[in-house]
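Data file: protein01.csv. Format and content: CSV, C-alpha atoms.
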chain,number,residue,atom,x,y,z
B,134,MET,CA,14.8,-21.1,-15.0
B,135,ASP,CA,11.3,-22.7,-14.8
B,136,ILE,CA,8.4,-20.2,-14.1
B,137,LEU,CA,4.9,-21.2,-13.2
B,138,VAL,CA,2.1,-19.3,-15.1
B,139,VAL,CA,-1.3,-19.4,-13.4
B,140,ASN,CA,-4.2,-18.1,-15.5
B,141,GLN,CA,-7.4,-16.4,-14.4
B,142,ALA,CA,-9.5,-19.6,-14.2
B,143,GLU,CA,-6.9,-21.4,-12.2
B,144,VAL,CA,-6.5,-18.5,-9.7
B,145,GLU,CA,-10.3,-18.7,-9.1
B,146,THR,CA,-10.1,-22.4,-8.5
B,147,LEU,CA,-7.0,-22.3,-6.3
B,148,LEU,CA,-8.2,-19.3,-4.2
B,149,PRO,CA,-11.6,-20.0,-2.8
B,150,MET,CA,-13.1,-17.1,-0.7
B,151,ALA,CA,-13.1,-18.8,2.7
B,152,GLU,CA,-9.4,-19.8,2.3
B,153,CYS,CA,-8.5,-16.3,1.0
B,154,MET,CA,-10.1,-14.7,4.1
B,155,ASP,CA,-7.8,-16.8,6.3
B,156,VAL,CA,-4.8,-15.9,4.2
B,157,MET,CA,-5.7,-12.2,4.4
B,158,HIS,CA,-6.2,-12.4,8.2
B,159,ASP,CA,-2.7,-13.8,8.6
B,160,ALA,CA,-1.1,-11.3,6.2
B,161,LEU,CA,-2.7,-8.3,8.0
B,162,ARG,CA,-1.6,-9.6,11.3
B,163,ALA,CA,2.0,-9.9,9.9
B,164,LEU,CA,1.8,-6.3,8.7
B,165,ALA,CA,0.6,-5.2,12.1
B,166,ASP,CA,3.5,-7.0,13.8
B,167,GLY,CA,6.0,-5.3,11.5
B,168,ASP,CA,6.7,-8.5,9.6
B,169,ALA,CA,6.0,-7.0,6.2
B,170,ALA,CA,7.3,-4.0,4.2
B,171,LEU,CA,5.6,-2.1,1.3
B,172,PRO,CA,5.9,1.4,-0.1
B,173,LEU,CA,2.9,3.4,-1.3
B,174,ARG,CA,1.8,2.2,-4.7
B,175,THR,CA,3.3,4.0,-7.8
B,176,VAL,CA,0.5,5.2,-10.0
B,177,VAL,CA,1.1,6.7,-13.5
B,178,PRO,CA,-2.0,8.6,-14.7
B,179,LEU,CA,-2.8,8.1,-18.4
B,180,ARG,CA,-3.9,10.8,-20.8
B,181,ASP,CA,-7.6,10.2,-20.6
B,182,GLY,CA,-7.6,11.5,-17.0
B,183,ARG,CA,-9.3,8.4,-15.6
B,184,SER,CA,-7.1,5.4,-16.4
B,185,ALA,CA,-3.8,4.6,-14.8
B,186,PHE,CA,-0.9,2.2,-14.7
B,187,ALA,CA,0.2,1.1,-11.2
B,188,ALA,CA,2.9,-1.0,-9.5
B,189,MET,CA,2.5,-2.4,-6.0
B,190,PRO,CA,5.6,-4.2,-4.5
B,191,ALA,CA,5.8,-5.8,-1.1
B,192,TYR,CA,7.8,-8.1,1.1
B,193,LEU,CA,6.0,-10.5,3.5
B,194,GLY,CA,7.9,-12.1,6.3
B,195,ARG,CA,5.5,-14.9,7.1
B,196,PRO,CA,5.1,-16.7,5.0
B,197,ALA,CA,8.4,-15.5,3.5
B,198,ALA,CA,7.7,-14.1,0.0
B,199,VAL,CA,8.4,-11.0,-2.1
B,200,GLY,CA,6.4,-9.9,-5.1
B,201,ILE,CA,4.8,-7.1,-7.1
B,202,LYS,CA,1.5,-6.5,-8.8
B,203,VAL,CA,1.6,-4.6,-12.0
B,204,ILE,CA,-1.8,-3.5,-13.4
B,205,THR,CA,-3.7,-1.1,-15.6
B,206,VAL,CA,-6.9,0.4,-14.1
B,207,PHE,CA,-9.4,1.4,-16.8
B,208,PRO,CA,-12.8,2.4,-15.2
B,209,GLY,CA,-14.1,2.9,-18.7
B,210,ASN,CA,-14.2,-0.9,-19.2
B,211,GLU,CA,-17.2,-1.0,-16.9
B,212,GLY,CA,-20.0,-2.8,-18.9
B,213,THR,CA,-17.6,-4.3,-21.5
B,214,HIS,CA,-16.1,-7.8,-21.7
B,215,LEU,CA,-12.9,-6.4,-20.1
B,216,ASP,CA,-12.1,-6.1,-16.4
B,217,SER,CA,-11.3,-2.6,-15.1
B,218,HIS,CA,-8.2,-4.1,-13.4
B,219,GLN,CA,-5.8,-6.1,-15.6
B,220,GLY,CA,-2.3,-7.2,-15.2
B,221,ALA,CA,0.0,-9.7,-13.4
B,222,VAL,CA,1.3,-10.6,-10.0
B,223,LEU,CA,5.0,-11.7,-9.9
B,224,LEU,CA,6.0,-13.9,-7.0
B,225,PHE,CA,9.7,-14.3,-6.0
B,226,GLU,CA,11.4,-16.5,-3.4
B,227,VAL,CA,13.4,-14.7,-0.7
B,228,GLU,CA,16.6,-16.8,-0.5
B,229,HIS,CA,18.1,-16.1,-4.0
B,230,GLY,CA,15.5,-13.7,-5.5
B,231,GLN,CA,14.3,-16.3,-8.0
B,232,LEU,CA,11.1,-15.5,-9.9
B,233,LEU,CA,8.7,-18.3,-9.1
B,234,ALA,CA,5.4,-17.5,-10.8
B,235,VAL,CA,3.4,-15.1,-12.9
B,236,MET,CA,-0.3,-15.0,-12.1
B,237,ASP,CA,-3.4,-13.2,-13.4
B,238,ALA,CA,-4.0,-10.1,-11.3
B,239,SER,CA,-7.6,-9.5,-12.2
B,240,ALA,CA,-8.8,-12.6,-10.3
B,241,ILE,CA,-6.4,-12.1,-7.4
B,242,THR,CA,-7.5,-8.5,-7.0
B,243,ALA,CA,-11.2,-9.4,-7.2
B,244,ILE,CA,-11.0,-12.2,-4.6
B,245,ARG,CA,-8.5,-10.7,-2.1
B,246,THR,CA,-10.2,-7.3,-2.0
B,247,ALA,CA,-13.5,-8.9,-1.0
B,248,ALA,CA,-11.8,-11.3,1.3
B,249,VAL,CA,-10.3,-8.4,3.3
B,250,SER,CA,-13.7,-6.8,3.5
B,251,GLY,CA,-14.9,-10.2,4.7
B,252,VAL,CA,-12.3,-10.2,7.5
B,253,ALA,CA,-13.4,-6.7,8.5
B,254,THR,CA,-17.0,-7.7,8.5
B,255,ARG,CA,-16.3,-10.7,10.6
B,256,PHE,CA,-14.7,-8.5,13.3
B,257,LEU,CA,-16.8,-5.4,13.1
B,258,ALA,CA,-20.3,-6.2,12.0
B,259,ARG,CA,-23.0,-7.3,14.5
B,260,ASP,CA,-23.1,-11.0,15.0
B,261,ASP,CA,-26.7,-11.1,13.7
B,262,ALA,CA,-26.1,-9.0,10.6
B,263,ALA,CA,-28.2,-10.7,7.9
B,264,ASP,CA,-29.4,-7.8,5.7
B,265,LEU,CA,-26.8,-6.8,3.0
B,266,ALA,CA,-26.8,-3.8,0.6
B,267,ILE,CA,-24.4,-3.7,-2.3
B,268,LEU,CA,-23.9,-0.5,-4.3
B,269,GLY,CA,-22.5,-1.4,-7.6
B,270,ALA,CA,-23.0,-4.4,-9.8
B,271,GLY,CA,-19.6,-5.3,-11.2
B,272,VAL,CA,-16.9,-7.8,-10.4
B,273,GLN,CA,-16.3,-6.6,-6.8
B,274,ALA,CA,-20.1,-6.7,-6.1
B,275,MET,CA,-20.1,-10.5,-6.9
B,276,THR,CA,-17.0,-11.3,-4.8
B,277,HIS,CA,-18.2,-9.1,-2.0
B,278,LEU,CA,-21.5,-11.0,-1.9
B,279,GLU,CA,-19.6,-14.2,-1.6
B,280,ALA,CA,-17.3,-12.8,1.2
B,281,MET,CA,-20.2,-11.4,3.2
B,282,ARG,CA,-22.0,-14.8,3.1
B,283,VAL,CA,-18.8,-16.4,4.5
B,284,ALA,CA,-18.6,-13.7,7.2
B,285,ARG,CA,-22.2,-13.4,8.3
B,286,PRO,CA,-25.5,-15.3,8.0
B,287,ILE,CA,-26.8,-13.1,5.1
B,288,ALA,CA,-30.5,-13.8,4.3
B,289,ARG,CA,-31.5,-10.7,2.4
B,290,VAL,CA,-29.5,-8.9,-0.4
B,291,ARG,CA,-30.4,-5.7,-2.2
B,292,VAL,CA,-28.3,-4.4,-5.1
B,293,TRP,CA,-28.3,-1.0,-6.8
B,294,SER,CA,-26.4,0.2,-9.8
B,295,ARG,CA,-26.5,3.4,-11.9
B,296,SER,CA,-27.5,1.0,-14.6
B,297,PRO,CA,-30.8,-0.7,-13.7
B,298,GLU,CA,-30.2,-3.3,-16.4
B,299,ARG,CA,-26.8,-4.2,-14.9
B,300,ALA,CA,-28.4,-4.5,-11.4
B,301,ARG,CA,-31.1,-6.8,-12.8
B,302,ARG,CA,-28.5,-9.0,-14.6
B,303,PHE,CA,-26.3,-9.1,-11.5
B,304,ALA,CA,-29.3,-10.1,-9.3
B,305,LEU,CA,-30.2,-13.0,-11.7
B,306,ARG,CA,-26.6,-14.3,-11.8
B,307,ALA,CA,-26.0,-13.9,-8.1
B,308,SER,CA,-29.3,-15.5,-7.1
B,309,GLU,CA,-28.4,-18.6,-9.2
B,310,ARG,CA,-24.8,-18.8,-8.1
B,311,PHE,CA,-25.4,-18.4,-4.3
B,312,ALA,CA,-29.0,-19.7,-4.0
B,313,VAL,CA,-30.0,-16.5,-2.2
B,314,ASP,CA,-32.7,-14.0,-3.2
B,315,VAL,CA,-31.0,-10.9,-4.6
B,316,GLU,CA,-33.3,-8.0,-5.2
B,317,PRO,CA,-32.4,-5.2,-7.6
B,318,VAL,CA,-33.7,-1.8,-6.4
B,319,GLY,CA,-34.2,1.6,-8.0
B,320,SER,CA,-32.1,3.8,-5.7
B,321,ALA,CA,-29.0,3.6,-3.4
B,322,ARG,CA,-31.2,4.8,-0.5
B,323,GLU,CA,-33.7,2.0,-1.0
B,324,ALA,CA,-30.8,-0.6,-1.0
B,325,VAL,CA,-29.3,0.8,2.2
B,326,ASP,CA,-32.5,1.3,4.1
B,327,GLY,CA,-32.3,-0.9,7.2
B,328,ALA,CA,-29.2,-2.8,6.0
B,329,ALA,CA,-26.9,-4.2,8.6
B,330,VAL,CA,-23.9,-4.5,6.2
B,331,VAL,CA,-23.3,-2.1,3.2
B,332,CYS,CA,-20.6,-2.7,0.6
B,333,THR,CA,-19.8,0.2,-1.8
B,334,THR,CA,-18.1,-1.3,-4.9
B,335,THR,CA,-18.7,1.4,-7.6
B,336,SER,CA,-16.4,3.4,-9.8
B,337,SER,CA,-18.1,6.6,-8.8
B,338,ARG,CA,-16.0,9.7,-8.0
B,339,GLU,CA,-18.9,11.3,-6.1
B,340,PRO,CA,-20.8,10.0,-3.1
B,341,VAL,CA,-23.3,7.2,-3.7
B,342,LEU,CA,-23.8,6.6,0.1
B,343,ARG,CA,-25.1,9.2,2.5
B,344,GLY,CA,-24.7,9.0,6.2
B,345,GLU,CA,-28.3,9.9,6.9
B,346,TRP,CA,-29.4,6.7,5.2
B,347,LEU,CA,-27.4,4.3,7.5
B,348,ALA,CA,-29.2,2.3,10.1
B,349,ALA,CA,-28.0,2.2,13.7
B,350,GLY,CA,-25.5,-0.6,14.0
B,351,ALA,CA,-24.6,-0.8,10.3
B,352,HIS,CA,-21.2,-1.8,9.1
B,353,VAL,CA,-19.8,-0.4,5.9
B,354,ASN,CA,-17.1,-1.7,3.6
B,355,ALA,CA,-16.0,1.1,1.3
B,356,VAL,CA,-14.0,-0.3,-1.6
B,357,GLY,CA,-14.5,1.4,-4.9
B,358,ALA,CA,-12.6,4.7,-4.5
B,359,SER,CA,-8.8,4.5,-4.3
B,360,VAL,CA,-7.5,8.0,-5.2
B,361,PRO,CA,-7.5,11.2,-3.2
B,362,THR,CA,-10.0,12.9,-5.5
B,363,ALA,CA,-12.7,10.3,-5.5
B,364,ARG,CA,-15.1,9.1,-2.8
B,365,GLU,CA,-18.2,6.9,-2.5
B,366,LEU,CA,-19.3,8.1,0.9
B,367,ASP,CA,-20.4,11.6,1.9
B,368,SER,CA,-18.7,13.3,4.8
B,369,GLU,CA,-21.6,12.6,7.2
B,370,ALA,CA,-21.3,8.8,6.6
B,371,VAL,CA,-17.6,9.0,7.5
B,372,ARG,CA,-18.2,11.3,10.5
B,373,ARG,CA,-20.9,8.9,11.9
B,374,ALA,CA,-18.7,5.9,11.7
B,375,ARG,CA,-15.9,4.3,13.8
B,376,LEU,CA,-13.3,4.3,11.0
B,377,TYR,CA,-10.8,1.5,10.4
B,378,VAL,CA,-8.4,1.3,7.4
B,379,ASP,CA,-6.2,-1.3,5.8
B,380,ARG,CA,-3.1,0.9,6.3
B,381,ARG,CA,-2.9,4.3,7.9
B,382,GLU,CA,-0.2,5.7,5.6
B,383,SER,CA,-2.2,4.7,2.5
B,384,ALA,CA,-5.4,6.3,3.9
B,385,LEU,CA,-3.6,9.5,4.6
B,386,ASN,CA,-2.3,9.7,1.1
B,387,GLU,CA,-4.8,8.0,-1.1
B,388,ALA,CA,-8.3,7.7,0.4
B,389,GLY,CA,-10.6,10.3,-0.9
B,390,ASP,CA,-13.3,8.9,1.4
B,391,PHE,CA,-11.2,10.1,4.3
B,392,LEU,CA,-9.2,13.0,2.8
B,393,ILE,CA,-12.2,15.0,1.4
B,394,PRO,CA,-14.1,15.2,4.7
B,395,ARG,CA,-10.8,16.0,6.5
B,396,ARG,CA,-10.2,18.8,4.1
B,397,GLU,CA,-13.8,20.1,4.8
B,398,GLY,CA,-13.0,20.1,8.5
B,399,THR,CA,-15.6,17.4,9.3
B,400,ILE,CA,-13.0,15.0,10.8
B,401,THR,CA,-9.3,15.0,11.7
B,402,ASP,CA,-6.6,12.3,11.5
B,403,ASP,CA,-7.7,11.1,14.9
B,404,HIS,CA,-10.9,9.9,13.4
B,405,ILE,CA,-9.0,6.8,12.2
B,406,VAL,CA,-9.3,4.3,15.0
B,407,GLY,CA,-6.5,2.2,13.5
B,408,GLU,CA,-5.6,-0.4,11.0
B,409,LEU,CA,-7.5,-3.6,10.5
B,410,GLY,CA,-4.4,-5.6,11.4
B,411,ASP,CA,-4.2,-3.7,14.8
B,412,LEU,CA,-7.7,-5.0,15.5
B,413,LEU,CA,-6.8,-8.5,14.6
B,414,VAL,CA,-3.8,-8.6,17.0
B,415,GLY,CA,-5.9,-7.0,19.8
B,416,ARG,CA,-4.1,-3.6,19.8
B,417,ILE,CA,-7.3,-1.7,19.3
B,418,ASP,CA,-11.0,-2.3,20.1
B,419,GLY,CA,-13.7,-3.1,17.6
B,420,ARG,CA,-17.4,-2.5,17.8
B,421,ARG,CA,-18.4,-1.1,21.2
B,422,SER,CA,-22.1,-1.3,21.0
B,423,PRO,CA,-24.9,-2.8,18.9
B,424,ALA,CA,-26.0,0.7,17.7
B,425,GLU,CA,-22.5,1.9,16.7
B,426,VAL,CA,-21.8,2.4,13.0
B,427,THR,CA,-18.5,1.0,11.8
B,428,LEU,CA,-16.6,1.6,8.6
B,429,PHE,CA,-13.7,-0.2,6.9
B,430,LYS,CA,-12.0,1.9,4.2
B,431,SER,CA,-10.2,-0.5,1.8
B,432,LEU,CA,-7.5,0.7,-0.6
B,433,GLY,CA,-5.9,-2.7,-1.3
B,434,LEU,CA,-2.3,-3.5,-0.2
B,435,ALA,CA,0.5,-5.3,-2.1
B,436,VAL,CA,1.0,-7.6,0.9
B,437,GLU,CA,-2.4,-9.0,0.2
B,438,ASP,CA,-1.5,-9.8,-3.4
B,439,VAL,CA,1.8,-11.4,-2.3
B,440,ALA,CA,0.1,-13.5,0.4
B,441,ALA,CA,-2.5,-14.6,-2.1
B,442,ALA,CA,0.1,-15.4,-4.7
B,443,HIS,CA,2.1,-17.4,-2.2
B,444,HIS,CA,-0.9,-19.4,-1.3
B,445,ILE,CA,-1.9,-20.1,-4.9
B,446,TYR,CA,1.7,-21.1,-5.8
B,447,ALA,CA,1.9,-23.6,-3.0
B,448,LYS,CA,-1.4,-25.2,-3.9
B,449,ALA,CA,-0.6,-25.2,-7.7
B,450,VAL,CA,2.7,-27.0,-7.1
B,451,ARG,CA,1.0,-29.6,-4.9
B,452,ALA,CA,-1.8,-30.2,-7.4
B,453,GLY,CA,0.2,-29.9,-10.6
B,454,ARG,CA,-1.7,-26.9,-11.8
B,455,GLY,CA,-0.6,-24.0,-14.0
B,456,ARG,CA,1.8,-24.1,-16.9
B,457,HIS,CA,5.6,-24.1,-16.7
B,458,VAL,CA,7.7,-22.0,-19.0
B,459,GLU,CA,11.4,-21.4,-19.4
B,460,LEU,CA,12.3,-17.8,-18.9
B,461,GLY,CA,15.9,-17.5,-17.7
B,462,GLY,CA,17.6,-15.9,-14.7
B,463,GLU,CA,20.4,-18.4,-14.3
B,464,ARG,CA,24.0,-17.0,-14.6
B,465,ARG,CA,25.7,-18.1,-17.8
B,466,ASP,CA,29.5,-17.9,-17.9
B,467,ASP,CA,29.9,-19.0,-21.5
B,468,ALA,CA,32.8,-16.8,-22.9
B,469,SER,CA,31.0,-16.5,-26.2
B,470,LEU,CA,28.4,-14.4,-24.5
B,471,ASN,CA,31.0,-11.7,-23.9
B,472,ALA,CA,32.6,-11.9,-27.3

Go through the file and emit its structure as structure tokens.
Amino acid sequence: MDILVVNQAEVETLLPMAECMDVMHDALRALADGDAALPLRTVVPLRDGRSAFAAMPAYLGRPAAVGIKVITVFPGNEGTHLDSHQGAVLLFEVEHGQLLAVMDASAITAIRTAAVSGVATRFLARDDAADLAILGAGVQAMTHLEAMRVARPIARVRVWSRSPERARRFALRASERFAVDVEPVGSAREAVDGAAVVCTTTSSREPVLRGEWLAAGAHVNAVGASVPTARELDSEAVRRARLYVDRRESALNEAGDFLIPRREGTITDDHIVGELGDLLVGRIDGRRSPAEVTLFKSLGLAVEDVAAAHHIYAKAVRAGRGRHVELGGERRDDASLNA
């Protein structure tokens, strides 16, 4: 059986941000319409207490595809030559269950996560939102800057990192790549002051964003924390905001940004307005006033990976990209095999 292997560089070429945002929009609509299925991710903690091995399977009805992302998550890789998220996305077809492709998961994760935040920003941020704050200076910071520029007319960008040198290097790279002035600042508060859009993309387990700092009318994409015991936002930031999630079940089980303030009694389950897909299909309302603070809590969903992989596969086949390898999977009835 012939399998297509798509490496990191090819994923980045075949999945441009604007296209990925459209793919994520459609995948989240399918999920909201019940045309997708996915369990909660399976996470195996490793002995260092921070790292993990995770498996994320999903079925997507439109376009018809099934797949799984298998990754390691090593936050300690921050600042090294290795990504914190490494692994592969396996894409299958749904008629016979044939494995079609194996793709780099680092690039898919980086692009699709930011693309979903871009969709949220497109539907929740003020139309005139042009001032962006990014907390964190890693891979997700760069892809989120790209997505925010697709979603809104970003004219000012401030970035903060716990490492001032990383923030400075990020600002130089991002300014050159996107031809926009990116300013490294000395504190998270300074970055957020007056910002219309805030993206938290850190590996912090404690709040880096406080609600008292948020300007009226701000929209926040909270991305970095994905386990019940970690959060990037303090309870006041969550309480102040109209909260949307990628999936309610995931938020109720995995989102420390939501679960910790709920445990404190600051909010209840009813604080979740709904899923982003519900907003896209018109089942719930979005922003209600220019002064309202909105929050999208992202955990990342397997249907997003499967949708991205399906899109990449179709483009790769048409363009003759990727590398084909023989793996197996066909039934063999040779009697000698049973000897």

Report task. Considering only C-alpha atoms, state which residue in the set B:Arg306, B:Arg454, B:His443, B:Arg289 is at the smallest distance from B:Glu226. Result ->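 Looking at the shortest contact to B:Glu226, the residue is B:His443.
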
Check which residues of stretch 160-229 of chain B sit at most 10 Å from stretch 243-252 of chain B using only C-alpha atoms, and return one row each with the closest pair of atoms and their distance in Å to one decimal, ordered by chain and rising number, as a Markdown table.
| residue | atom | partner | partner_atom | distance |
| --- | --- | --- | --- | --- |
| B:Leu161 | CA | B:Val249 | CA | 8.9 |
| B:Asp216 | CA | B:Ala243 | CA | 9.8 |
| B:His218 | CA | B:Ala243 | CA | 8.7 |

**Report entry** Nearest to B:Gln219 by atom-to-atom distance, counting all atoms listed in the file, from B:Ala188, B:Leu193, B:Ala304, B:Met154
**Finding:**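 Looking at the shortest contact to B:Gln219, the residue is B:Ala188.
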
Query - Shell around B:Ser336 at 7 Å using all atoms listed in the file, local window under 5 positions removed, as a count of residues only - result: 3

Requested in this report: Rank nothing, just name the residue among B:Gly453, B:Glu463, B:Met275, B:Leu232 nearest to B:Glu309, using all atoms listed in the file.
Outcome: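 Comparing B:Gly453, B:Glu463, B:Met275, B:Leu232 against B:Glu309, the winner is B:Met275.
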
Query raised in the report: Distance atom CA of B:Glu298-atom CA of B:Arg322, one decimal place?
Result: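 Distance reported for this atom pair: 17.9 Å.
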
Query raised in the report: So which residues touch B:Ala169 within 12 Å, counting only C-alpha atoms, skipping near sequence neighbours fewer than 3 positions away, as a list of chain:residue names?
Result: B:Asp159, B:Ala160, B:Leu161, B:Arg162, B:Ala163, B:Leu164, B:Ala165, B:Asp166, B:Pro172, B:Pro190, B:Ala191, B:Tyr192, B:Leu193, B:Gly194, B:Arg195, B:Pro196, B:Ala197, B:Ala198, B:Val199, B:Gly200, B:Gly410, B:Leu434, B:Ala435, B:Val436, B:Glu437, B:Val439, B:Ala440

Dump C-alpha atoms for the selected residues as a CSV table (one decimal), in the frame of the given file?
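Listed below is the output, result06.csv:
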chain,number,residue,atom,x,y,z
B,159,ASP,CA,-2.7,-13.8,8.6
B,160,ALA,CA,-1.1,-11.3,6.2
B,161,LEU,CA,-2.7,-8.3,8.0
B,162,ARG,CA,-1.6,-9.6,11.3
B,163,ALA,CA,2.0,-9.9,9.9
B,164,LEU,CA,1.8,-6.3,8.7
B,165,ALA,CA,0.6,-5.2,12.1
B,166,ASP,CA,3.5,-7.0,13.8
B,172,PRO,CA,5.9,1.4,-0.1
B,190,PRO,CA,5.6,-4.2,-4.5
B,191,ALA,CA,5.8,-5.8,-1.1
B,192,TYR,CA,7.8,-8.1,1.1
B,193,LEU,CA,6.0,-10.5,3.5
B,194,GLY,CA,7.9,-12.1,6.3
B,195,ARG,CA,5.5,-14.9,7.1
B,196,PRO,CA,5.1,-16.7,5.0
B,197,ALA,CA,8.4,-15.5,3.5
B,198,ALA,CA,7.7,-14.1,0.0
B,199,VAL,CA,8.4,-11.0,-2.1
B,200,GLY,CA,6.4,-9.9,-5.1
B,410,GLY,CA,-4.4,-5.6,11.4
B,434,LEU,CA,-2.3,-3.5,-0.2
B,435,ALA,CA,0.5,-5.3,-2.1
B,436,VAL,CA,1.0,-7.6,0.9
B,437,GLU,CA,-2.4,-9.0,0.2
B,439,VAL,CA,1.8,-11.4,-2.3
B,440,ALA,CA,0.1,-13.5,0.4

Query - Near-B:His352 list (7 Å; only C-alpha atoms; drop same-chain fewer than 6 positions) as a list of chain:residue names - result: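 Within the cut-off, the hits are B:Leu257, B:Ala258, B:Ala329, B:Val330, B:Val331, B:Val426, B:Thr427, B:Leu428.
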
Which residues are near B:Leu412? Cut-off 9 Å, all atoms listed in the file, ignore same chain within fewer than 5 positions. Put them as an mmCIF file with C-alpha atoms, keeping the file's coordinate frame.
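Now in result04.cif:
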data_model
loop_
_atom_site.group_PDB
_atom_site.id
_atom_site.type_symbol
_atom_site.label_atom_id
_atom_site.label_comp_id
_atom_site.auth_asym_id
_atom_site.auth_seq_id
_atom_site.Cartn_x
_atom_site.Cartn_y
_atom_site.Cartn_z
ATOM 1 C CA ARG B 162 -1.600 -9.600 11.300
ATOM 2 C CA ALA B 165 0.600 -5.200 12.100
ATOM 3 C CA PHE B 256 -14.700 -8.500 13.300
ATOM 4 C CA TYR B 377 -10.800 1.500 10.400
ATOM 5 C CA GLY B 407 -6.500 2.200 13.500
ATOM 6 C CA ILE B 417 -7.300 -1.700 19.300
ATOM 7 C CA ASP B 418 -11.000 -2.300 20.100
ATOM 8 C CA GLY B 419 -13.700 -3.100 17.600
#

Report task. Please measure the separation of atom CA of B:Ala328 and atom CA of B:Leu265, giving the value in Å to one decimal. Result ->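 Those two atoms sit 5.5 Å apart.
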
Report task. Identify which of the residues B:Val290, B:Ile136, B:Ala253, B:Val414 lies closest to B:Ala355, counting only C-alpha atoms when measuring atom-to-atom distances. Result ->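 Closest to B:Ala355 of all the choices is B:Ala253.
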
Query raised in the report: In Å, how far is it from atom CA of B:Ser217 to atom CA of B:Gln273?
Result: 10.5 Å

Query - Option closest in space to B:Ala263, from B:Ile393, B:Ala280, B:Val371, B:Ile287 [counting all atoms listed in the file] - result: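 Using all atoms listed in the file, the shortest distance to B:Ala263 belongs to B:Ile287.
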
**Report entry** Which residue of B:Ser320, B:Thr175, B:Ser308, B:Ser368 approaches B:Glu339 most closely, using all atoms listed in the file
**Finding:**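 The closest residue to B:Glu339 is B:Ser368.
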
Could you complete stretch 232-248 of chain B so that it carries N, CA and C atoms, and give it back as an mmCIF file, keeping the file's coordinate frame?
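Final output, saved to selection.cif:
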data_model
loop_
_atom_site.group_PDB
_atom_site.id
_atom_site.type_symbol
_atom_site.label_atom_id
_atom_site.label_comp_id
_atom_site.auth_asym_id
_atom_site.auth_seq_id
_atom_site.Cartn_x
_atom_site.Cartn_y
_atom_site.Cartn_z
ATOM 1 N N LEU B 232 12.504 -15.674 -9.501
ATOM 2 C CA LEU B 232 11.100 -15.500 -9.900
ATOM 3 C C LEU B 232 10.467 -16.910 -9.950
ATOM 4 N N LEU B 233 9.367 -17.061 -9.208
ATOM 5 C CA LEU B 233 8.700 -18.300 -9.100
ATOM 6 C C LEU B 233 7.470 -18.457 -10.024
ATOM 7 N N ALA B 234 6.699 -17.369 -10.099
ATOM 8 C CA ALA B 234 5.400 -17.500 -10.800
ATOM 9 C C ALA B 234 4.923 -16.138 -11.299
ATOM 10 N N VAL B 235 4.116 -16.234 -12.345
ATOM 11 C CA VAL B 235 3.400 -15.100 -12.900
ATOM 12 C C VAL B 235 1.910 -15.474 -12.886
ATOM 13 N N MET B 236 1.080 -14.632 -12.274
ATOM 14 C CA MET B 236 -0.300 -15.000 -12.100
ATOM 15 C C MET B 236 -1.238 -13.851 -12.554
ATOM 16 N N ASP B 237 -2.433 -14.231 -12.948
ATOM 17 C CA ASP B 237 -3.400 -13.200 -13.400
ATOM 18 C C ASP B 237 -3.785 -12.349 -12.195
ATOM 19 N N ALA B 238 -3.687 -11.035 -12.399
ATOM 20 C CA ALA B 238 -4.000 -10.100 -11.300
ATOM 21 C C ALA B 238 -5.450 -9.758 -11.192
ATOM 22 N N SER B 239 -6.220 -9.871 -12.272
ATOM 23 C CA SER B 239 -7.600 -9.500 -12.200
ATOM 24 C C SER B 239 -8.347 -10.400 -11.154
ATOM 25 N N ALA B 240 -8.116 -11.712 -11.230
ATOM 26 C CA ALA B 240 -8.800 -12.600 -10.300
ATOM 27 C C ALA B 240 -8.265 -12.462 -8.887
ATOM 28 N N ILE B 241 -6.945 -12.323 -8.732
ATOM 29 C CA ILE B 241 -6.400 -12.100 -7.400
ATOM 30 C C ILE B 241 -6.970 -10.867 -6.765
ATOM 31 N N THR B 242 -7.008 -9.774 -7.516
ATOM 32 C CA THR B 242 -7.500 -8.500 -7.000
ATOM 33 C C THR B 242 -8.995 -8.654 -6.581
ATOM 34 N N ALA B 243 -9.792 -9.269 -7.438
ATOM 35 C CA ALA B 243 -11.200 -9.400 -7.200
ATOM 36 C C ALA B 243 -11.457 -10.217 -5.883
ATOM 37 N N ILE B 244 -10.714 -11.304 -5.723
ATOM 38 C CA ILE B 244 -11.000 -12.200 -4.600
ATOM 39 C C ILE B 244 -10.365 -11.636 -3.311
ATOM 40 N N ARG B 245 -9.109 -11.182 -3.350
ATOM 41 C CA ARG B 245 -8.500 -10.700 -2.100
ATOM 42 C C ARG B 245 -9.085 -9.462 -1.564
ATOM 43 N N THR B 246 -9.568 -8.572 -2.451
ATOM 44 C CA THR B 246 -10.200 -7.300 -2.000
ATOM 45 C C THR B 246 -11.467 -7.669 -1.191
ATOM 46 N N ALA B 247 -12.283 -8.543 -1.732
ATOM 47 C CA ALA B 247 -13.500 -8.900 -1.000
ATOM 48 C C ALA B 247 -13.184 -9.739 0.230
ATOM 49 N N ALA B 248 -12.126 -10.534 0.168
ATOM 50 C CA ALA B 248 -11.800 -11.300 1.300
ATOM 51 C C ALA B 248 -11.360 -10.430 2.516
#
